[in-house]
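Colleague: Dropping a structure here in structure tokens format, bear with me for questions.
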Number of protein chains: 2
Amino acid sequence: MTLSERNTENNCQEEENQLETSHNKSPLLSDSWKPYQRPRAIVKEWLLKLRCCLGAVCGMEWYGYAALGILTGFLSFLMDLSVSKLLRAHQWLYMKLEGHSLLQFLCWTLYPSCICVVGSSFSHSICPFSTGSGIPEVRAMLAGFEMPHYLSVTNLFTKYVGLICTLAAGSTIFLGKVGPFVHLSTMVGAYLSKLCSLVQTNKKDKAAGEMMVVAAAVGVASCFGAPVSGVLFSVEVMSSHFAVKHYVPCFFSTACGALTFHLFSVWSGDGETLQVLFKTNFPTALPFYPLEIVLFALLGLLCGAVSCCYLFCHRWILQVIKTNPIFIKWLTTEKALYSGMVAFLLASVTFPHFAGQYMASKYTMKQLLTSLLDGRQWTSESHNASVQVDPKPWLEWSSSGSSVYMTLTFFLLMKMWMLVLACTLPVPAGCFMPVFVYGAALGRLFGEGGAYVLSGLTSGQQWASINPGGYALAGAAAFSGAVTHTLSPALLAIELTGQFSHAVPALIATVLANARSRSGHRPSFYDAISISKRLPHLPSLKKACPWLPSTPVGQVLGAKAVQLQKTAGLVEVQHAVNSCTETQIPVVDSHESQILLGFVLRPELLMFLRHCKTETVEKHLDEVCCIHRASVLLSPHNTVQEAHSILSLVGTQALFVTDSGRLVGLITWPEMKRILEDLAKEI
Amino acid sequence: MTLSERNTENNCQEEENQLETSHNKSPLLSDSWKPYQRPRAIVKEWLLKLRCCLGAVCGMEWYGYAALGILTGFLSFLMDLSVSKLLRAHQWLYMKLEGHSLLQFLCWTLYPSCICVVGSSFSHSICPFSTGSGIPEVRAMLAGFEMPHYLSVTNLFTKYVGLICTLAAGSTIFLGKVGPFVHLSTMVGAYLSKLCSLVQTNKKDKAAGEMMVVAAAVGVASCFGAPVSGVLFSVEVMSSHFAVKHYVPCFFSTACGALTFHLFSVWSGDGETLQVLFKTNFPTALPFYPLEIVLFALLGLLCGAVSCCYLFCHRWILQVIKTNPIFIKWLTTEKALYSGMVAFLLASVTFPHFAGQYMASKYTMKQLLTSLLDGRQWTSESHNASVQVDPKPWLEWSSSGSSVYMTLTFFLLMKMWMLVLACTLPVPAGCFMPVFVYGAALGRLFGEGGAYVLSGLTSGQQWASINPGGYALAGAAAFSGAVTHTLSPALLAIELTGQFSHAVPALIATVLANARSRSGHRPSFYDAISISKRLPHLPSLKKACPWLPSTPVGQVLGAKAVQLQKTAGLVEVQHAVNSCTETQIPVVDSHESQILLGFVLRPELLMFLRHCKTETVEKHLDEVCCIHRASVLLSPHNTVQEAHSILSLVGTQALFVTDSGRLVGLITWPEMKRILEDLAKEI
């Protein structure tokens, strides 16, 4: 038996003893009036044994990670199932009304409008924090700030139902799943970490933060069954430093999540085995010519430029919403009506007998992406239309009789403003998937155009077999990466399609698109929301005003913190306990010298008070309480950014700011939140 | 014109002005005796213009990252090319001697022995630091410690040539490329960052550390053309926190590296387009049954268990080498002879007319892996041997006439001790690839066995189409992951073969293997080397003795650092400047009170001395020099681990340790290195 095993066993026994003592004392079992005392004791005993057995294999937190993955995967599968049923119902109804244009129009427009109204009013009335993407809030929470409203179980339930409504409105509204799902996953994670800390007696404080990081990774992984890009997303979303100790839990949990998602899909009859979400038919022998890399790089730059335009419009509409009195009035009092009207407008525009026929509006999001990722050239195939071997997934793109170039261009132009408008809807909704599809369309247009030009220029067979699907893949990765300022979409695109041959081109396009869209400190999609909502998120603050996080701490420190001198008596301690809520209260040599000695913990002060009341002789603070040394000290010249990263790194509750040994102030997480929110107001 | 663009231009002009002034002053051009003054001035002007143009697009460091990727990719391609030529020469010679057993034996054994002797004596005589894997040293350097010997250009050259020798010795010696290549890449990175800081006038200090992190990622990526797993490797290898700002440079540089590696392969006629390194023929319709996940999990646990056994043997041999007087004598004085003898022994054992026929010793490493990853069942195919459609890549495994189970088992048993022995060779050599192949063999055996048992049990067609190649893939990932305590091999295996369908099984097997091999704080392969070499690497120290890094800093602080009082005069300053080499020298209130006021910089002290010598009235330190405030202070109760992470996070040169405002000591990187090396001695 190794040392560690022996330790585990000892721990196990100790915990059992502890629990038994507590269980003997616990009022639950000593209350003789409660029924079935004997069976309950037996069940409890068995549960304790089970816990001991489970604990012997690995730490309790690992079961938490596994449960997180499995639960999130199951939730994701269930959501996809309900959404697909709702979408099919809509399609069925629309088909049944064939021939009655007016009825078809009403079906096409009222169905998504009603669903949006339901979703919006439901989420608004039960939990107003559930609207929007959720990723900006998740980022702030991962940076260490507490936002308990965003992690409640009510919010979990509301966001889940609201998201189903949004997705069921389909490609007319054109909103996605990823962002809210990451938020959902963090809520599940927060709940599970509470559960874990109930079971685990020790290491309570660390677990919650770790579970949040893992949950962010699991959100993406379960959403698409893509484990690796989930972990990369979690790395990217961390504000400045990714703790390597989270790496293995992330991978473990995302593997569980992806596996659950895929297995449920298999068992529900969706396929014979685990498969990628979007099947493609790229040629395997020659995926692309080496020199096509240049074209992929150009596509990346193009995507970056278009993303800048999109982000500008998005920032503009965020500003309008906040300042325009009409918008303010509608969005505060008439949320449901506003959602209904916007949905109606979007749906009318996409009505298939109207402009919708030029933008393939009959396709769902999934069908859109599948058609765009098709491995054949649309134009060359439509030329020799006599070859009708297998169904053409892109049929809808040329159904109006106009050329695919026209349809794609019209789609891109229309969807730009529709996307910007849809983002203002007060429903739980993400923007990743729409942007991904938009990028795929951009890439497709580039690829089809490139194939046409090159085959015309070279007039040989060498470039005839160019695959526009590959450009759609790279475009999707590059555009979504540029909008969100992340690189994980490149890997996500590969994981969604399984086309590993295109990993290097997609990566190059994404890196270049990111370079283009990040230049000049432009904020990303999420940064813009963070700034607009004044969330305490340092990197987005830094993008908006690069000099703000370099403000010295001394300038922004709030009112002088409560402090005690080492000879403090009953009255001073009583006053300190009443006037502040912090757990660590600084102790100075004397109020004149202000030399910091250390801190006392709040429970010890309460003990001191009890002690003073029982004894007659008045004692000083340092005679009764232990004065703990402060571990890390800051100077007033440290910047806010340094203070933030040290606070998140050291993991203490409070940092003391001293100037030549004299106490100047105290930085806690709530204080840091206040500082960042104050700084955000200056923008 | 945006603000940033204007800034860039201003910077550009400023730099130009600066350079022009310096160039007017520079002795290089003012020396009239130097020839071709006019042409040199023109060239210099053009270079300045070029720099200005380049700088307008993006920061100079990005060119550095691109250059790093391209250079490393090219080096990797060149190495592969030379090694394959040398291996082919050996094979050709061996084939020519067909029929003369003795000559064949001599050719088989002496060729690798001689190459090993050459490699060993070459690297020993030119740069002794070039032997071994290099990853343990790279990890220590990434943690912030300076080890200039390991980054010299001489070392780069020696390691490159030595590594070619090692790899040319082939599968008889069974050593790999990854580890030394990561080291090579960091050397290239260090050189390039020096170059970059020559061109860039500002931000000198940061560049080096950033380039090292990127270089670690590029090493893996260029070695195999696998960009994503390179970045994951870099994340894993960082000791505790991965700075997210390195994320985009890593991806950019690895994409460049992978692209270069692949493009050179294409241009050298190795294929028509960018393709994976190891082509596989897995069935695409049904890669695996969902329930096979259980088998993959079992394989992961098996790999974990075997890896524990391997790591135990490895630790044992490291111990023997350090303590056994015979080994010590041989490895200090007779390195070349030792290498030759070990190589001869290994080669004799693998001689194809002797035991080699039972372990497919005729295959090179690449052929071994390709054969093991084959997508068909060896056993069922050998049953109906009449079907001879395409060549069987596993022919060598059953050439001796014995069953493939026997051959695989014999291979696994023999290679275990051969690998352990090969690791003692004093040549530049990695252990990742051998371990990867070993894992593939383990997985293959498991897969073939599983297929046999299951087809016997169920006697139906359902399990007949099980694919043992998938198990080989998962086994390779799991075993190499377990030996190195990393997860990136899972993704590497996918990137090497392009089989994305097996991502989830490979990941699950790797996570479980890691869980098994990490349990009980066992050190990894690299940790064992770190501990044996007493490198200042905190995580490996922690694995060997979990309580050591929790030692309070106060206990391990060295001799009292040099300090100045604020009223110090000429004599005291002179003494301080002579007796220490640090750049930041602490200043206290007085030698009695020891209250820390801040620090002065060394150049300012030198200025003070010059000042005192010119003036007649003696002045005090605080009247002439500016006393900088110390930003972050530690207390003696902080643990070594906390001090280490704060030091690496804050990026300052020195941390001051104070106790209630009084100076206790100073922690610099050299001091931290000393502390960790002292702690390592206690193990």
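For the structure tokens, the naming scheme is as follows: chains receive sequential letters (A, B, ...) according to their order of presentation, residues are indexed from 1 within each chain, and ligands are indexed from 1 in presentation order.
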Would you mind listing, as number ranges by chain, all residues of chain B that have at least one atom within 6 Å of chain A, where only C-alpha atoms are what counts?
Modeller: B: 4, 240-244, 273, 289-290, 498, 500, 520, 597, 631-635, 638, 660-661
Colleague: Have a look at B:Arg444, B:His611, B:Lys566, B:Lys335 and name the one nearest to B:His124; count only C-alpha atoms.
Modeller: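 Under the stated criterion, the closest residue is B:Lys335.
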Colleague: Among stretch 270-484 of chain B, which residues carry a DSSP assignment of alpha helix (DSSP H), reported as an MDAnalysis selection string?
Modeller: chainID B and resid 292:323 325:333 335:349 365:372 378:383 404:422 432:458 468:484
Colleague: How about saving the chosen residues, C-alpha atoms kept, as a CSV table (one decimal), in the first residue's frame?
Modeller:
chain,number,residue,atom,x,y,z
B,292,GLU,CA,-16.5,0.1,-28.1
B,293,ILE,CA,-16.0,3.2,-26.0
B,294,VAL,CA,-15.8,0.8,-23.0
B,295,LEU,CA,-13.0,-1.0,-24.7
B,296,PHE,CA,-11.2,2.2,-25.4
B,297,ALA,CA,-11.5,3.2,-21.7
B,298,LEU,CA,-10.1,-0.2,-20.7
B,299,LEU,CA,-7.2,0.3,-23.1
B,300,GLY,CA,-6.5,3.6,-21.5
B,301,LEU,CA,-6.3,2.1,-18.0
B,302,LEU,CA,-4.1,-0.7,-19.3
B,303,CYS,CA,-1.8,1.9,-20.9
B,304,GLY,CA,-1.7,3.8,-17.7
B,305,ALA,CA,-0.7,0.7,-15.8
B,306,VAL,CA,2.1,-0.3,-18.2
B,307,SER,CA,3.3,3.3,-18.2
B,308,CYS,CA,3.7,3.1,-14.4
B,309,CYS,CA,5.9,0.0,-14.9
B,310,TYR,CA,8.0,1.8,-17.6
B,311,LEU,CA,8.4,4.9,-15.5
B,312,PHE,CA,9.5,2.8,-12.5
B,313,CYS,CA,12.2,1.2,-14.6
B,314,HIS,CA,13.3,4.5,-16.0
B,315,ARG,CA,13.6,6.0,-12.5
B,316,TRP,CA,15.5,3.0,-11.4
B,317,ILE,CA,18.1,3.3,-14.3
B,318,LEU,CA,18.4,7.0,-13.6
B,319,GLN,CA,19.2,6.2,-10.0
B,320,VAL,CA,21.7,3.5,-11.1
B,321,ILE,CA,23.5,5.8,-13.4
B,322,LYS,CA,23.9,8.3,-10.6
B,323,THR,CA,25.1,5.9,-7.9
B,325,PRO,CA,30.5,3.6,-9.7
B,326,ILE,CA,30.9,1.6,-13.0
B,327,PHE,CA,28.3,3.6,-14.8
B,328,ILE,CA,29.6,6.9,-13.3
B,329,LYS,CA,33.1,6.1,-14.6
B,330,TRP,CA,32.0,5.0,-18.0
B,331,LEU,CA,29.6,8.0,-18.5
B,332,THR,CA,32.1,10.6,-17.4
B,333,THR,CA,35.2,9.3,-19.2
B,335,LYS,CA,31.0,8.4,-23.4
B,336,ALA,CA,31.7,7.4,-27.0
B,337,LEU,CA,32.7,3.8,-26.1
B,338,TYR,CA,29.6,3.4,-23.9
B,339,SER,CA,27.4,4.6,-26.7
B,340,GLY,CA,29.0,2.3,-29.1
B,341,MET,CA,28.7,-0.7,-26.8
B,342,VAL,CA,25.0,-0.1,-26.0
B,343,ALA,CA,24.2,0.5,-29.6
B,344,PHE,CA,26.0,-2.7,-30.6
B,345,LEU,CA,24.1,-4.6,-27.9
B,346,LEU,CA,20.7,-3.3,-29.0
B,347,ALA,CA,21.5,-3.9,-32.7
B,348,SER,CA,22.7,-7.4,-32.1
B,349,VAL,CA,19.4,-8.2,-30.3
B,365,MET,CA,10.0,3.9,-36.9
B,366,LYS,CA,7.7,5.4,-39.6
B,367,GLN,CA,7.0,2.0,-41.1
B,368,LEU,CA,6.4,0.5,-37.7
B,369,LEU,CA,3.8,3.1,-36.9
B,370,THR,CA,2.1,2.9,-40.4
B,371,SER,CA,1.9,-0.9,-40.1
B,372,LEU,CA,0.4,-0.7,-36.6
B,378,TRP,CA,-4.3,-8.8,-39.3
B,379,THR,CA,-5.7,-12.1,-38.0
B,380,SER,CA,-8.8,-12.4,-40.2
B,381,GLU,CA,-6.8,-11.3,-43.2
B,382,SER,CA,-4.1,-13.9,-42.6
B,383,HIS,CA,-6.9,-16.6,-42.3
B,404,VAL,CA,1.0,-11.8,-34.7
B,405,TYR,CA,0.0,-12.0,-31.1
B,406,MET,CA,3.3,-13.7,-30.3
B,407,THR,CA,5.2,-11.2,-32.3
B,408,LEU,CA,3.5,-8.2,-30.7
B,409,THR,CA,3.9,-9.6,-27.2
B,410,PHE,CA,7.6,-10.3,-27.8
B,411,PHE,CA,8.1,-6.8,-29.3
B,412,LEU,CA,6.5,-5.2,-26.2
B,413,LEU,CA,8.5,-7.3,-23.8
B,414,MET,CA,11.9,-6.7,-25.5
B,415,LYS,CA,11.3,-3.1,-26.3
B,416,MET,CA,10.6,-2.3,-22.7
B,417,TRP,CA,14.1,-2.9,-21.4
B,418,MET,CA,15.7,-1.8,-24.7
B,419,LEU,CA,13.9,1.6,-24.4
B,420,VAL,CA,15.0,2.0,-20.8
B,421,LEU,CA,18.6,1.2,-21.8
B,422,ALA,CA,18.5,3.4,-24.8
B,432,PHE,CA,8.3,10.6,-27.2
B,433,MET,CA,8.2,8.8,-30.6
B,434,PRO,CA,9.4,5.4,-29.3
B,435,VAL,CA,6.9,5.6,-26.5
B,436,PHE,CA,4.2,6.5,-29.1
B,437,VAL,CA,5.1,3.5,-31.2
B,438,TYR,CA,5.2,1.3,-28.1
B,439,GLY,CA,1.7,2.4,-27.2
B,440,ALA,CA,0.5,1.8,-30.7
B,441,ALA,CA,1.8,-1.8,-30.5
B,442,LEU,CA,0.1,-2.2,-27.1
B,443,GLY,CA,-3.1,-0.9,-28.6
B,444,ARG,CA,-2.8,-3.1,-31.6
B,445,LEU,CA,-2.4,-6.2,-29.4
B,446,PHE,CA,-5.4,-5.1,-27.4
B,447,GLY,CA,-7.4,-4.5,-30.5
B,448,GLU,CA,-6.5,-7.7,-32.3
B,449,GLY,CA,-7.2,-9.6,-29.1
B,450,GLY,CA,-10.4,-7.9,-28.5
B,451,ALA,CA,-11.6,-8.5,-32.1
B,452,TYR,CA,-10.7,-12.2,-31.7
B,453,VAL,CA,-12.4,-12.6,-28.4
B,454,LEU,CA,-15.5,-10.7,-29.4
B,455,SER,CA,-16.0,-12.4,-32.7
B,456,GLY,CA,-15.7,-15.7,-30.9
B,457,LEU,CA,-18.1,-14.7,-28.1
B,458,THR,CA,-20.8,-13.2,-30.2
B,468,PRO,CA,-7.7,-2.7,-34.4
B,469,GLY,CA,-6.0,0.3,-36.0
B,470,GLY,CA,-8.3,2.5,-34.0
B,471,TYR,CA,-7.0,0.8,-30.8
B,472,ALA,CA,-3.5,1.3,-32.0
B,473,LEU,CA,-4.2,5.0,-32.4
B,474,ALA,CA,-5.8,5.3,-29.0
B,475,GLY,CA,-3.1,3.2,-27.4
B,476,ALA,CA,-0.3,5.4,-28.9
B,477,ALA,CA,-2.0,8.5,-27.6
B,478,ALA,CA,-2.8,7.0,-24.2
B,479,PHE,CA,0.6,5.5,-23.5
B,480,SER,CA,2.7,8.5,-24.6
B,481,GLY,CA,0.3,10.7,-22.7
B,482,ALA,CA,0.7,8.6,-19.6
B,483,VAL,CA,4.5,8.5,-19.8
B,484,THR,CA,4.8,12.3,-20.2
Colleague: Could you list, as a PyMOL selection string, every residue within 12 Å of B:Tyr65, counting only C-alpha atoms and ignoring same-chain residues fewer than 2 positions away?
Modeller: chain B and resi 58-63+67-72+185-186+188-193+195-196+207-208+210-218+246+248-257
Colleague: Tell me which protein, DNA and RNA residues are within 8 Å of A:Ser130, counting only C-alpha atoms, leaving out same-chain ones fewer than 6 positions away, and put them as a list of chain:residue names.
Modeller: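 Returned residues: A:Ser123, A:His124, A:Tyr150, A:Asn155, A:Leu156, A:Thr158, A:Lys159, A:Val427, A:Pro428.
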Colleague: Work out how far atom CA of A:Thr668 is from atom CA of A:Arg602, in Å to one decimal.
Modeller: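 These two atoms are separated by 14.8 Å.
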Colleague: Skip B:Gly170 itself and residues of its chain fewer than 2 positions away, then list as a VMD selection string all residues within 8 Å of it, counting only C-alpha atoms.
Modeller: chain B and resid 87 112 166 to 168 172 to 175 364 to 365
Colleague: Store the residues picked out above in a file with N, CA, C and O atoms, as an mmCIF file, in the first residue's frame.
Modeller:
data_model
loop_
_atom_site.group_PDB
_atom_site.id
_atom_site.type_symbol
_atom_site.label_atom_id
_atom_site.label_comp_id
_atom_site.auth_asym_id
_atom_site.auth_seq_id
_atom_site.Cartn_x
_atom_site.Cartn_y
_atom_site.Cartn_z
ATOM 1 N N LEU B 87 19.140 6.325 -43.660
ATOM 2 C CA LEU B 87 18.486 5.044 -43.388
ATOM 3 C C LEU B 87 18.430 4.197 -44.654
ATOM 4 O O LEU B 87 18.636 2.981 -44.609
ATOM 5 N N PRO B 112 24.774 1.353 -37.027
ATOM 6 C CA PRO B 112 24.237 2.213 -35.950
ATOM 7 C C PRO B 112 25.234 2.493 -34.847
ATOM 8 O O PRO B 112 25.264 3.598 -34.300
ATOM 9 N N THR B 166 21.499 10.272 -34.226
ATOM 10 C CA THR B 166 20.653 9.389 -33.431
ATOM 11 C C THR B 166 19.533 8.803 -34.266
ATOM 12 O O THR B 166 19.254 7.604 -34.214
ATOM 13 N N LEU B 167 18.877 9.676 -35.035
ATOM 14 C CA LEU B 167 17.730 9.209 -35.812
ATOM 15 C C LEU B 167 18.189 8.281 -36.935
ATOM 16 O O LEU B 167 17.480 7.337 -37.294
ATOM 17 N N ALA B 168 19.398 8.534 -37.458
ATOM 18 C CA ALA B 168 19.888 7.689 -38.541
ATOM 19 C C ALA B 168 20.198 6.286 -38.049
ATOM 20 O O ALA B 168 20.263 5.341 -38.828
ATOM 21 N N THR B 172 16.650 0.322 -34.549
ATOM 22 C CA THR B 172 17.427 -0.529 -33.640
ATOM 23 C C THR B 172 17.647 0.184 -32.311
ATOM 24 O O THR B 172 17.506 -0.406 -31.251
ATOM 25 N N ILE B 173 18.021 1.463 -32.410
ATOM 26 C CA ILE B 173 18.257 2.240 -31.191
ATOM 27 C C ILE B 173 16.931 2.742 -30.637
ATOM 28 O O ILE B 173 16.753 2.903 -29.443
ATOM 29 N N PHE B 174 15.983 3.011 -31.550
ATOM 30 C CA PHE B 174 14.613 3.306 -31.149
ATOM 31 C C PHE B 174 14.534 4.579 -30.302
ATOM 32 O O PHE B 174 14.050 4.562 -29.173
ATOM 33 N N LEU B 175 15.063 5.659 -30.840
ATOM 34 C CA LEU B 175 14.929 6.948 -30.144
ATOM 35 C C LEU B 175 14.274 7.947 -31.081
ATOM 36 O O LEU B 175 14.241 7.738 -32.305
ATOM 37 N N THR B 364 11.472 0.727 -40.288
ATOM 38 C CA THR B 364 11.893 1.974 -39.636
ATOM 39 C C THR B 364 10.770 2.399 -38.684
ATOM 40 O O THR B 364 9.689 1.815 -38.692
ATOM 41 N N MET B 365 11.024 3.427 -37.879
ATOM 42 C CA MET B 365 10.003 3.913 -36.948
ATOM 43 C C MET B 365 8.713 4.250 -37.686
ATOM 44 O O MET B 365 7.618 3.924 -37.248
#
Colleague: So that I can check the surroundings of stretch 534-551 of chain A, please list as a PyMOL selection string every protein, DNA and RNA residue that reaches within 6 Å of it, counting only C-alpha atoms and ignoring chain neighbours fewer than 5 positions away.
Modeller: chain A and resi 140+521+523+527+639-641+673+676-677+680
Colleague: Give me a file of those residues, with N, CA, C and O atoms, as a PDB file, in the first residue's frame.
Modeller:
ATOM      1  N   ALA A 140     -16.746  37.691 -17.026  1.00  0.00           N
ATOM      2  CA  ALA A 140     -16.523  38.476 -15.807  1.00  0.00           C
ATOM      3  C   ALA A 140     -16.474  37.552 -14.591  1.00  0.00           C
ATOM      4  O   ALA A 140     -15.644  37.740 -13.696  1.00  0.00           O
ATOM      5  N   HIS A 521      -6.934  48.170 -31.655  1.00  0.00           N
ATOM      6  CA  HIS A 521      -7.629  47.998 -30.371  1.00  0.00           C
ATOM      7  C   HIS A 521      -9.150  48.022 -30.509  1.00  0.00           C
ATOM      8  O   HIS A 521      -9.843  48.571 -29.665  1.00  0.00           O
ATOM      9  N   PRO A 523     -12.792  46.667 -30.104  1.00  0.00           N
ATOM     10  CA  PRO A 523     -13.366  45.656 -29.208  1.00  0.00           C
ATOM     11  C   PRO A 523     -14.063  44.555 -30.005  1.00  0.00           C
ATOM     12  O   PRO A 523     -14.547  44.794 -31.115  1.00  0.00           O
ATOM     13  N   ASP A 527     -16.760  42.073 -26.182  1.00  0.00           N
ATOM     14  CA  ASP A 527     -16.231  43.269 -25.509  1.00  0.00           C
ATOM     15  C   ASP A 527     -17.230  44.415 -25.594  1.00  0.00           C
ATOM     16  O   ASP A 527     -17.453  45.132 -24.618  1.00  0.00           O
ATOM     17  N   THR A 639      -0.437  49.229 -10.678  1.00  0.00           N
ATOM     18  CA  THR A 639      -1.587  49.556 -11.512  1.00  0.00           C
ATOM     19  C   THR A 639      -2.772  48.661 -11.147  1.00  0.00           C
ATOM     20  O   THR A 639      -2.605  47.639 -10.480  1.00  0.00           O
ATOM     21  N   VAL A 640      -3.940  49.084 -11.598  1.00  0.00           N
ATOM     22  CA  VAL A 640      -5.143  48.300 -11.365  1.00  0.00           C
ATOM     23  C   VAL A 640      -4.994  46.915 -11.967  1.00  0.00           C
ATOM     24  O   VAL A 640      -5.387  45.907 -11.378  1.00  0.00           O
ATOM     25  N   GLN A 641      -4.371  46.868 -13.136  1.00  0.00           N
ATOM     26  CA  GLN A 641      -4.203  45.586 -13.807  1.00  0.00           C
ATOM     27  C   GLN A 641      -3.337  44.639 -12.985  1.00  0.00           C
ATOM     28  O   GLN A 641      -3.669  43.462 -12.820  1.00  0.00           O
ATOM     29  N   LYS A 673     -14.381  45.153  -8.044  1.00  0.00           N
ATOM     30  CA  LYS A 673     -15.537  45.258  -8.933  1.00  0.00           C
ATOM     31  C   LYS A 673     -15.986  46.727  -9.022  1.00  0.00           C
ATOM     32  O   LYS A 673     -16.240  47.248 -10.103  1.00  0.00           O
ATOM     33  N   LEU A 676     -13.517  48.723 -11.125  1.00  0.00           N
ATOM     34  CA  LEU A 676     -13.645  48.510 -12.566  1.00  0.00           C
ATOM     35  C   LEU A 676     -14.924  49.144 -13.094  1.00  0.00           C
ATOM     36  O   LEU A 676     -14.944  49.706 -14.191  1.00  0.00           O
ATOM     37  N   GLU A 677     -15.990  49.047 -12.318  1.00  0.00           N
ATOM     38  CA  GLU A 677     -17.243  49.648 -12.776  1.00  0.00           C
ATOM     39  C   GLU A 677     -17.110  51.178 -12.842  1.00  0.00           C
ATOM     40  O   GLU A 677     -17.631  51.810 -13.763  1.00  0.00           O
ATOM     41  N   ALA A 680     -15.210  51.933 -15.921  1.00  0.00           N
ATOM     42  CA  ALA A 680     -16.038  51.743 -17.122  1.00  0.00           C
ATOM     43  C   ALA A 680     -16.919  52.959 -17.371  1.00  0.00           C
ATOM     44  O   ALA A 680     -17.261  53.260 -18.516  1.00  0.00           O
TER      45      ALA A 680
END
Colleague: Please compute the atom CA of A:Pro586-atom CA of A:Val562 distance, one decimal, in Å.
Modeller: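 Taking atom CA of A:Pro586 and atom CA of A:Val562, their separation equals 7.5 Å.
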Colleague: Nearest to A:Ser171 among A:Leu103, A:Trp92, A:Ser403, A:Thr350, with distances taken over only C-alpha atoms: which residue is it?
Modeller: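 Nearest to A:Ser171: A:Thr350.
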Colleague: Do you have the atom CA of B:Ala654-atom CA of B:Leu666 distance handy?
Modeller: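 If I compute the distance from atom CA of B:Ala654 to atom CA of B:Leu666, I get 6.6 Å.
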Colleague: Can you tell me which residues surround A:Val178 at a distance of at most 8 Å, considering only C-alpha atoms, apart from same-chain residues fewer than 5 positions away, and format the answer as JSON, numbers by chain?
Modeller: {"A": [219, 220, 223, 430, 431, 432, 433]}
